[in-house]
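Below is one structure; the comments refer to it alone.
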Amino acid sequence: MKRFLTMVLIASPILVFSQKNFDKGYVVTKSNDTLRGFIDYKERKKNPTTFDFRSAMDGKTQTFTSNNCNAYGVDDAESFESHVVDITMGETDIDRLSSAPDLSSRTDTVFLRVLQAGKNVTLYSYVDKVKERFYLKSKNGTPTELIRHLYMQEEGVKRVVNGNQYIRQLLDVMRESNPGIAVDQEKLSKLEYGEDALLELVAEINQQKLTKPKHSSTRFFAGLALNRSWASYSGAHDFASPTAKVKVSYLPMLTTGIDVFFNPVIGKLLFRTELSLQMSKNEIAIRRGDDIYKHSFDQYLAVITPQVIYNMYNADHFKVFVGIGGGVNFMLTRNDEYVALNTVSGESDVLNKPLKMEAVNYSFQGIVGVVLNKKIEISAGYSPYMPISNYGVFNINVERMRLGVNYLFGKK
């Protein structure tokens, strides 16, 4: 089982990057013909530069760019339009800000993601390696970037200056689109440069209700697992002998946590934060002549494990996933004893050889599993041996495997 999990986790990056995810969609060509078929819909932060299209699921793949099509979309998910736009290049990363407004820009033909289309204006977003930008297009106009220039003021008290040109741009659009309607300029002056805030304002400009996303970006889970663990010694210690016998502990484990989807429409890639409560009963024994020496101890653990999970197979009612992450382990050790038992006389002595166990340490975790009917998750996990002590010439290490079931709360 341990070897199988390791092989799957090693192979998972290859499987991830070779995945195709063709969903129903459309393409609008340069001649304004609309082609219905299937789009390879990928998880990504940046706006696409190309996309693959098939007229039939098993048909030939065509690659389109922003230069040879006007628009494309995936049904009930996202849509993009190709436009020639000016793109500001000023940084927004605080560590790379200039000491004065960076007014540099470039002109390019790119795919803009449609955030909201209405009777008065359309709101778009564009993300590249530099930053995220938003564009607004009036009914008969072309997309214009809503401009924000951030820079670091060096004189006097060092601070970040927000050049909010987008506020004035939006004020002009609001007055033009809805003449005669009073604008709350004080409220507008505090508008954040972000998708949620801009969507709310654009809905007001278009005099329409702001629709909620069809797919939730988060879900909760809770479950129960069987935890298999064992402790062993390594280094220069009698208990590190190949003849040492290790007792394997089988005990229940409680799990709960939250999943955050990278793209809730696709639902392939997600970030999971898991809290598990578990315990183990450990024993290592070695025989020396007529005497058997045993070291036994119990551990109670609360483990917080951030991890990345990818659904390699992502059908609606059946998914196969792999995950990888690192855990922070808070441990409490109890009943820590060294015992020497004489097999001839039957007498035993408790030896005063206490060892210091770490209260906090770190671990690696890999997981594979399946999801059934969007609600039941069955998984197997493995944590390679980790030291739970901190000695120079030897250490005590623990390995863990688990088999568990989670119930998923949510619609994804």
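Please note that chains go A, B, ... in the order of the structure tokens, that every chain numbers its residues from 1, and that ligands are numbered from 1 in the order shown.
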ask   = Among stretch 128-238 of chain A, which residues carry a DSSP assignment of alpha helix (DSSP H), reported as an NGL selection string?
value = :A and (165-177 or 185-189 or 195-205)
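Near A:Gly267, within 9 Å and counting only C-alpha atoms, sit A:Glu43, A:Ser217, A:Phe261, A:Phe262, A:Tyr310, A:Asn311, A:Asn314, A:Lys412, not including residues fewer than 5 positions from it in the same chain.
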Contacts of A:Met174 within 12 Å, only C-alpha atoms, excl. fewer than 2 positions in-chain, as a PyMOL selection string: chain A and resi 120-121+136+138+167-172+176-185+188+201-207
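Taking only C-alpha atoms into account, A:Glu200 lies nearest to A:Gln116 out of the set A:Ser249, A:Gln116, A:Thr88, A:Gln365.
One finds atom CA of A:Val308 at 7.4 Å from atom CA of A:Leu269.
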inquiry  = Env of A:Ile87: 9 Å cut, atoms = only C-alpha atoms, seq-sep filter 2 positions within chain, self excluded. Answer as a PyMOL selection string.
reply    = chain A and resi 85+89+104-108+133+145
Suppose we keep C-alpha atoms; can you now write the selection as a tab-separated table (two decimals), in the first residue's frame?
chain	number	residue	atom	x	y	z
A	85	VAL	CA	-6.48	47.22	-26.02
A	89	MET	CA	2.53	47.82	-17.18
A	104	SER	CA	4.23	52.72	-19.38
A	105	SER	CA	1.83	50.63	-21.46
A	106	ARG	CA	1.65	48.33	-24.46
A	107	THR	CA	-0.97	47.68	-27.11
A	108	ASP	CA	-1.93	44.09	-27.91
A	133	ARG	CA	-6.69	44.79	-14.74
A	145	GLU	CA	-8.78	49.95	-18.99
So that I can see what lies close to A:Lys137, please list as a ChimeraX atom specification the residues with an atom at most 9 Å from it, counting only C-alpha atoms and leaving out residues fewer than 4 positions away in the same chain.
/A:120-124,141-145
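Shortest separation to A:Tyr126 among A:Lys46, A:Ala315, A:Ser379, A:Tyr193 occurs at residue A:Lys46, atoms counted being only C-alpha atoms.
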> So which bits of stretch 186-314 of chain A end up strand (DSSP E) when you DSSP the backbone, as a count of residues only?
Replying inline: 78
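Our summary of the geometry notes that atom CA of A:Gly156 is positioned 18.7 Å from atom CA of A:Asp95.
Using only C-alpha atoms, the smallest distance between any of A:Gly118, A:Gly346, A:Gly163, A:Gly289 and A:Arg148 comes from A:Gly163.
Of the residues listed (A:Lys42, A:His215, A:Lys319, A:Lys374), A:Lys374 shows the shortest atom-to-atom separation from A:Tyr407; distances use only C-alpha atoms.
Between A:Asp75 and the residues A:Ile266, A:Gln153, A:Asp52, A:Arg44, the shortest atom-to-atom distance, using only C-alpha atoms, involves A:Ile266.
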Atom CA of A:Val303 sits from atom CA of A:Gly327 at a separation of 6.2 Å
Within 10 Å of A:Ala380, counting only C-alpha atoms, which residues qualify if same-chain residues fewer than 2 places away don't, as a list of chain:residue names?
A:Met1, A:Lys2, A:Leu5, A:Ala225, A:Leu226, A:Asn227, A:Val322, A:Gly366, A:Ile367, A:Val368, A:Gly369, A:Val370, A:Ile378, A:Tyr382, A:Met401, A:Arg402, A:Leu403, A:Gly404, A:Val405
Can I get the selection written as a short mmCIF file (atom, residue, chain, number, x, y, z; two decimals), in the first residue's frame, with all heavy atoms?
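The new file selection-v4.cif reads:
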data_model
loop_
_atom_site.label_atom_id
_atom_site.label_comp_id
_atom_site.auth_asym_id
_atom_site.auth_seq_id
_atom_site.Cartn_x
_atom_site.Cartn_y
_atom_site.Cartn_z
N MET A 1 0.82 -1.20 0.00
CA MET A 1 0.00 0.00 0.00
C MET A 1 0.86 1.26 0.00
O MET A 1 0.63 2.21 -0.74
CB MET A 1 -0.92 -0.01 1.23
CG MET A 1 -1.86 1.17 1.30
SD MET A 1 -3.03 1.19 -0.04
CE MET A 1 -4.07 2.55 0.44
N LYS A 2 1.89 1.27 0.86
CA LYS A 2 2.78 2.42 0.95
C LYS A 2 3.48 2.66 -0.38
O LYS A 2 3.58 3.79 -0.86
CB LYS A 2 3.80 2.20 2.07
CG LYS A 2 4.79 3.34 2.23
CD LYS A 2 5.63 3.15 3.47
CE LYS A 2 6.59 2.00 3.33
NZ LYS A 2 7.49 1.88 4.49
N LEU A 5 0.98 4.11 -2.99
CA LEU A 5 0.70 5.52 -2.78
C LEU A 5 1.86 6.39 -3.26
O LEU A 5 1.67 7.42 -3.89
CB LEU A 5 0.43 5.78 -1.29
CG LEU A 5 -0.93 5.35 -0.77
CD1 LEU A 5 -0.93 5.46 0.76
CD2 LEU A 5 -2.04 6.17 -1.36
N ALA A 225 -11.65 8.07 10.03
CA ALA A 225 -10.64 7.23 9.37
C ALA A 225 -10.06 6.24 10.37
O ALA A 225 -10.13 6.43 11.59
CB ALA A 225 -9.52 8.10 8.78
N LEU A 226 -9.47 5.18 9.82
CA LEU A 226 -8.68 4.24 10.60
C LEU A 226 -7.22 4.60 10.41
O LEU A 226 -6.71 4.60 9.29
CB LEU A 226 -8.94 2.81 10.14
CG LEU A 226 -8.11 1.73 10.86
CD1 LEU A 226 -8.47 1.67 12.34
CD2 LEU A 226 -8.31 0.37 10.19
N ASN A 227 -6.56 4.92 11.50
CA ASN A 227 -5.18 5.37 11.45
C ASN A 227 -4.25 4.22 11.86
O ASN A 227 -4.37 3.66 12.94
CB ASN A 227 -4.98 6.56 12.41
CG ASN A 227 -3.59 7.14 12.30
OD1 ASN A 227 -3.02 7.21 11.22
ND2 ASN A 227 -3.05 7.57 13.43
N VAL A 322 -5.69 12.91 -6.44
CA VAL A 322 -4.44 12.77 -5.69
C VAL A 322 -4.20 14.09 -4.96
O VAL A 322 -4.67 15.14 -5.39
CB VAL A 322 -3.24 12.44 -6.60
CG1 VAL A 322 -3.42 11.10 -7.27
CG2 VAL A 322 -3.00 13.54 -7.62
N GLY A 366 0.70 12.42 1.64
CA GLY A 366 0.16 12.16 0.32
C GLY A 366 -1.15 11.43 0.45
O GLY A 366 -1.36 10.66 1.40
N ILE A 367 -2.06 11.67 -0.50
CA ILE A 367 -3.39 11.07 -0.41
C ILE A 367 -3.91 10.75 -1.81
O ILE A 367 -3.63 11.47 -2.76
CB ILE A 367 -4.36 12.02 0.34
CG1 ILE A 367 -5.68 11.34 0.65
CG2 ILE A 367 -4.56 13.31 -0.41
CD1 ILE A 367 -6.58 12.15 1.57
N VAL A 368 -4.64 9.64 -1.93
CA VAL A 368 -5.34 9.29 -3.16
C VAL A 368 -6.75 8.86 -2.76
O VAL A 368 -6.98 8.40 -1.63
CB VAL A 368 -4.64 8.15 -3.94
CG1 VAL A 368 -3.25 8.56 -4.36
CG2 VAL A 368 -4.59 6.86 -3.11
N GLY A 369 -7.70 9.02 -3.70
CA GLY A 369 -9.04 8.63 -3.34
C GLY A 369 -10.04 8.85 -4.45
O GLY A 369 -9.69 9.23 -5.58
N VAL A 370 -11.30 8.63 -4.12
CA VAL A 370 -12.40 8.81 -5.07
C VAL A 370 -13.52 9.58 -4.37
O VAL A 370 -13.63 9.57 -3.13
CB VAL A 370 -12.95 7.47 -5.59
CG1 VAL A 370 -11.87 6.70 -6.35
CG2 VAL A 370 -13.50 6.61 -4.45
N ILE A 378 -13.82 8.68 -0.36
CA ILE A 378 -13.08 7.56 0.22
C ILE A 378 -11.62 7.74 -0.15
O ILE A 378 -11.29 7.92 -1.33
CB ILE A 378 -13.61 6.21 -0.31
CG1 ILE A 378 -15.12 6.08 -0.02
CG2 ILE A 378 -12.84 5.05 0.32
CD1 ILE A 378 -15.75 4.88 -0.68
N TYR A 382 -0.82 8.54 3.30
CA TYR A 382 0.45 8.05 3.85
C TYR A 382 1.32 9.22 4.26
O TYR A 382 1.48 10.20 3.51
CB TYR A 382 1.18 7.20 2.80
CG TYR A 382 2.60 6.83 3.19
CD1 TYR A 382 2.85 6.08 4.33
CD2 TYR A 382 3.68 7.25 2.42
CE1 TYR A 382 4.14 5.75 4.69
CE2 TYR A 382 4.98 6.92 2.77
CZ TYR A 382 5.21 6.17 3.92
OH TYR A 382 6.50 5.84 4.28
N MET A 401 -0.28 5.58 8.14
CA MET A 401 -1.15 5.35 6.99
C MET A 401 -2.58 5.43 7.49
O MET A 401 -2.86 5.17 8.66
CB MET A 401 -0.88 3.98 6.36
CG MET A 401 0.51 3.81 5.82
SD MET A 401 0.76 2.17 5.08
CE MET A 401 -0.31 2.31 3.65
N ARG A 402 -3.48 5.78 6.58
CA ARG A 402 -4.87 5.88 7.00
C ARG A 402 -5.81 5.52 5.86
O ARG A 402 -5.48 5.68 4.68
CB ARG A 402 -5.20 7.29 7.48
CG ARG A 402 -5.32 8.31 6.37
CD ARG A 402 -5.54 9.69 6.94
NE ARG A 402 -6.12 10.59 5.96
CZ ARG A 402 -6.30 11.88 6.18
NH1 ARG A 402 -5.94 12.41 7.34
NH2 ARG A 402 -6.84 12.64 5.26
N LEU A 403 -6.98 5.05 6.23
CA LEU A 403 -8.06 4.76 5.29
C LEU A 403 -9.31 5.39 5.86
O LEU A 403 -9.71 5.08 6.99
CB LEU A 403 -8.25 3.25 5.12
CG LEU A 403 -9.31 2.81 4.12
CD1 LEU A 403 -8.93 3.24 2.70
CD2 LEU A 403 -9.49 1.30 4.17
N GLY A 404 -9.92 6.32 5.09
CA GLY A 404 -11.01 7.08 5.69
C GLY A 404 -12.13 7.41 4.74
O GLY A 404 -12.03 7.23 3.52
N VAL A 405 -13.22 7.90 5.33
CA VAL A 405 -14.40 8.33 4.59
C VAL A 405 -14.78 9.72 5.09
O VAL A 405 -14.88 9.95 6.30
CB VAL A 405 -15.59 7.37 4.79
CG1 VAL A 405 -16.83 7.88 4.06
CG2 VAL A 405 -15.24 5.97 4.33
#
query = Could you name the residues that touch A:Asp291 at 12 Å or less, counting only C-alpha atoms, but leaving out those on the same chain fewer than 4 positions away, as a VMD selection string?
reply = chain A and resid 285 to 287 339 to 349
Any chance you could export the current selection's N, CA and C atoms as a PDB file, in the first residue's frame?
ATOM      1  N   ALA A 285      10.351  -3.178  21.069  1.00  0.00           N
ATOM      2  CA  ALA A 285      10.921  -4.165  22.002  1.00  0.00           C
ATOM      3  C   ALA A 285      12.148  -4.824  21.381  1.00  0.00           C
ATOM      4  N   ILE A 286      13.119  -5.184  22.254  1.00  0.00           N
ATOM      5  CA  ILE A 286      14.311  -5.899  21.804  1.00  0.00           C
ATOM      6  C   ILE A 286      14.712  -6.902  22.887  1.00  0.00           C
ATOM      7  N   ARG A 287      15.218  -8.059  22.456  1.00  0.00           N
ATOM      8  CA  ARG A 287      15.614  -9.114  23.394  1.00  0.00           C
ATOM      9  C   ARG A 287      17.120  -9.137  23.526  1.00  0.00           C
ATOM     10  N   VAL A 339      10.662  -0.583  30.148  1.00  0.00           N
ATOM     11  CA  VAL A 339      10.468  -1.735  31.026  1.00  0.00           C
ATOM     12  C   VAL A 339      11.454  -2.841  30.636  1.00  0.00           C
ATOM     13  N   ALA A 340      12.084  -3.455  31.635  1.00  0.00           N
ATOM     14  CA  ALA A 340      12.947  -4.626  31.417  1.00  0.00           C
ATOM     15  C   ALA A 340      12.259  -5.838  32.029  1.00  0.00           C
ATOM     16  N   LEU A 341      11.994  -6.874  31.207  1.00  0.00           N
ATOM     17  CA  LEU A 341      11.315  -8.079  31.664  1.00  0.00           C
ATOM     18  C   LEU A 341      12.261  -9.271  31.571  1.00  0.00           C
ATOM     19  N   ASN A 342      12.449  -9.988  32.701  1.00  0.00           N
ATOM     20  CA  ASN A 342      13.249 -11.206  32.709  1.00  0.00           C
ATOM     21  C   ASN A 342      12.339 -12.387  32.409  1.00  0.00           C
ATOM     22  N   THR A 343      12.600 -13.050  31.296  1.00  0.00           N
ATOM     23  CA  THR A 343      11.720 -14.140  30.856  1.00  0.00           C
ATOM     24  C   THR A 343      11.851 -15.385  31.717  1.00  0.00           C
ATOM     25  N   VAL A 344      12.922 -15.500  32.507  1.00  0.00           N
ATOM     26  CA  VAL A 344      13.109 -16.676  33.368  1.00  0.00           C
ATOM     27  C   VAL A 344      12.355 -16.485  34.684  1.00  0.00           C
ATOM     28  N   SER A 345      12.610 -15.363  35.358  1.00  0.00           N
ATOM     29  CA  SER A 345      11.975 -15.122  36.659  1.00  0.00           C
ATOM     30  C   SER A 345      10.590 -14.508  36.527  1.00  0.00           C
ATOM     31  N   GLY A 346      10.325 -13.891  35.362  1.00  0.00           N
ATOM     32  CA  GLY A 346       9.045 -13.209  35.170  1.00  0.00           C
ATOM     33  C   GLY A 346       8.986 -11.856  35.828  1.00  0.00           C
ATOM     34  N   GLU A 347      10.109 -11.425  36.431  1.00  0.00           N
ATOM     35  CA  GLU A 347      10.123 -10.122  37.084  1.00  0.00           C
ATOM     36  C   GLU A 347      10.370  -9.017  36.055  1.00  0.00           C
ATOM     37  N   SER A 348       9.780  -7.845  36.322  1.00  0.00           N
ATOM     38  CA  SER A 348       9.974  -6.700  35.435  1.00  0.00           C
ATOM     39  C   SER A 348      10.360  -5.482  36.237  1.00  0.00           C
ATOM     40  N   ASP A 349      11.161  -4.628  35.669  1.00  0.00           N
ATOM     41  CA  ASP A 349      11.599  -3.379  36.285  1.00  0.00           C
ATOM     42  C   ASP A 349      11.294  -2.217  35.338  1.00  0.00           C
TER      43      ASP A 349
END
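If you measure from each of A:Cys69, A:Leu275, A:Ala77, A:Met357 to A:Arg334 using only C-alpha atoms, the closest one turns out to be A:Met357.
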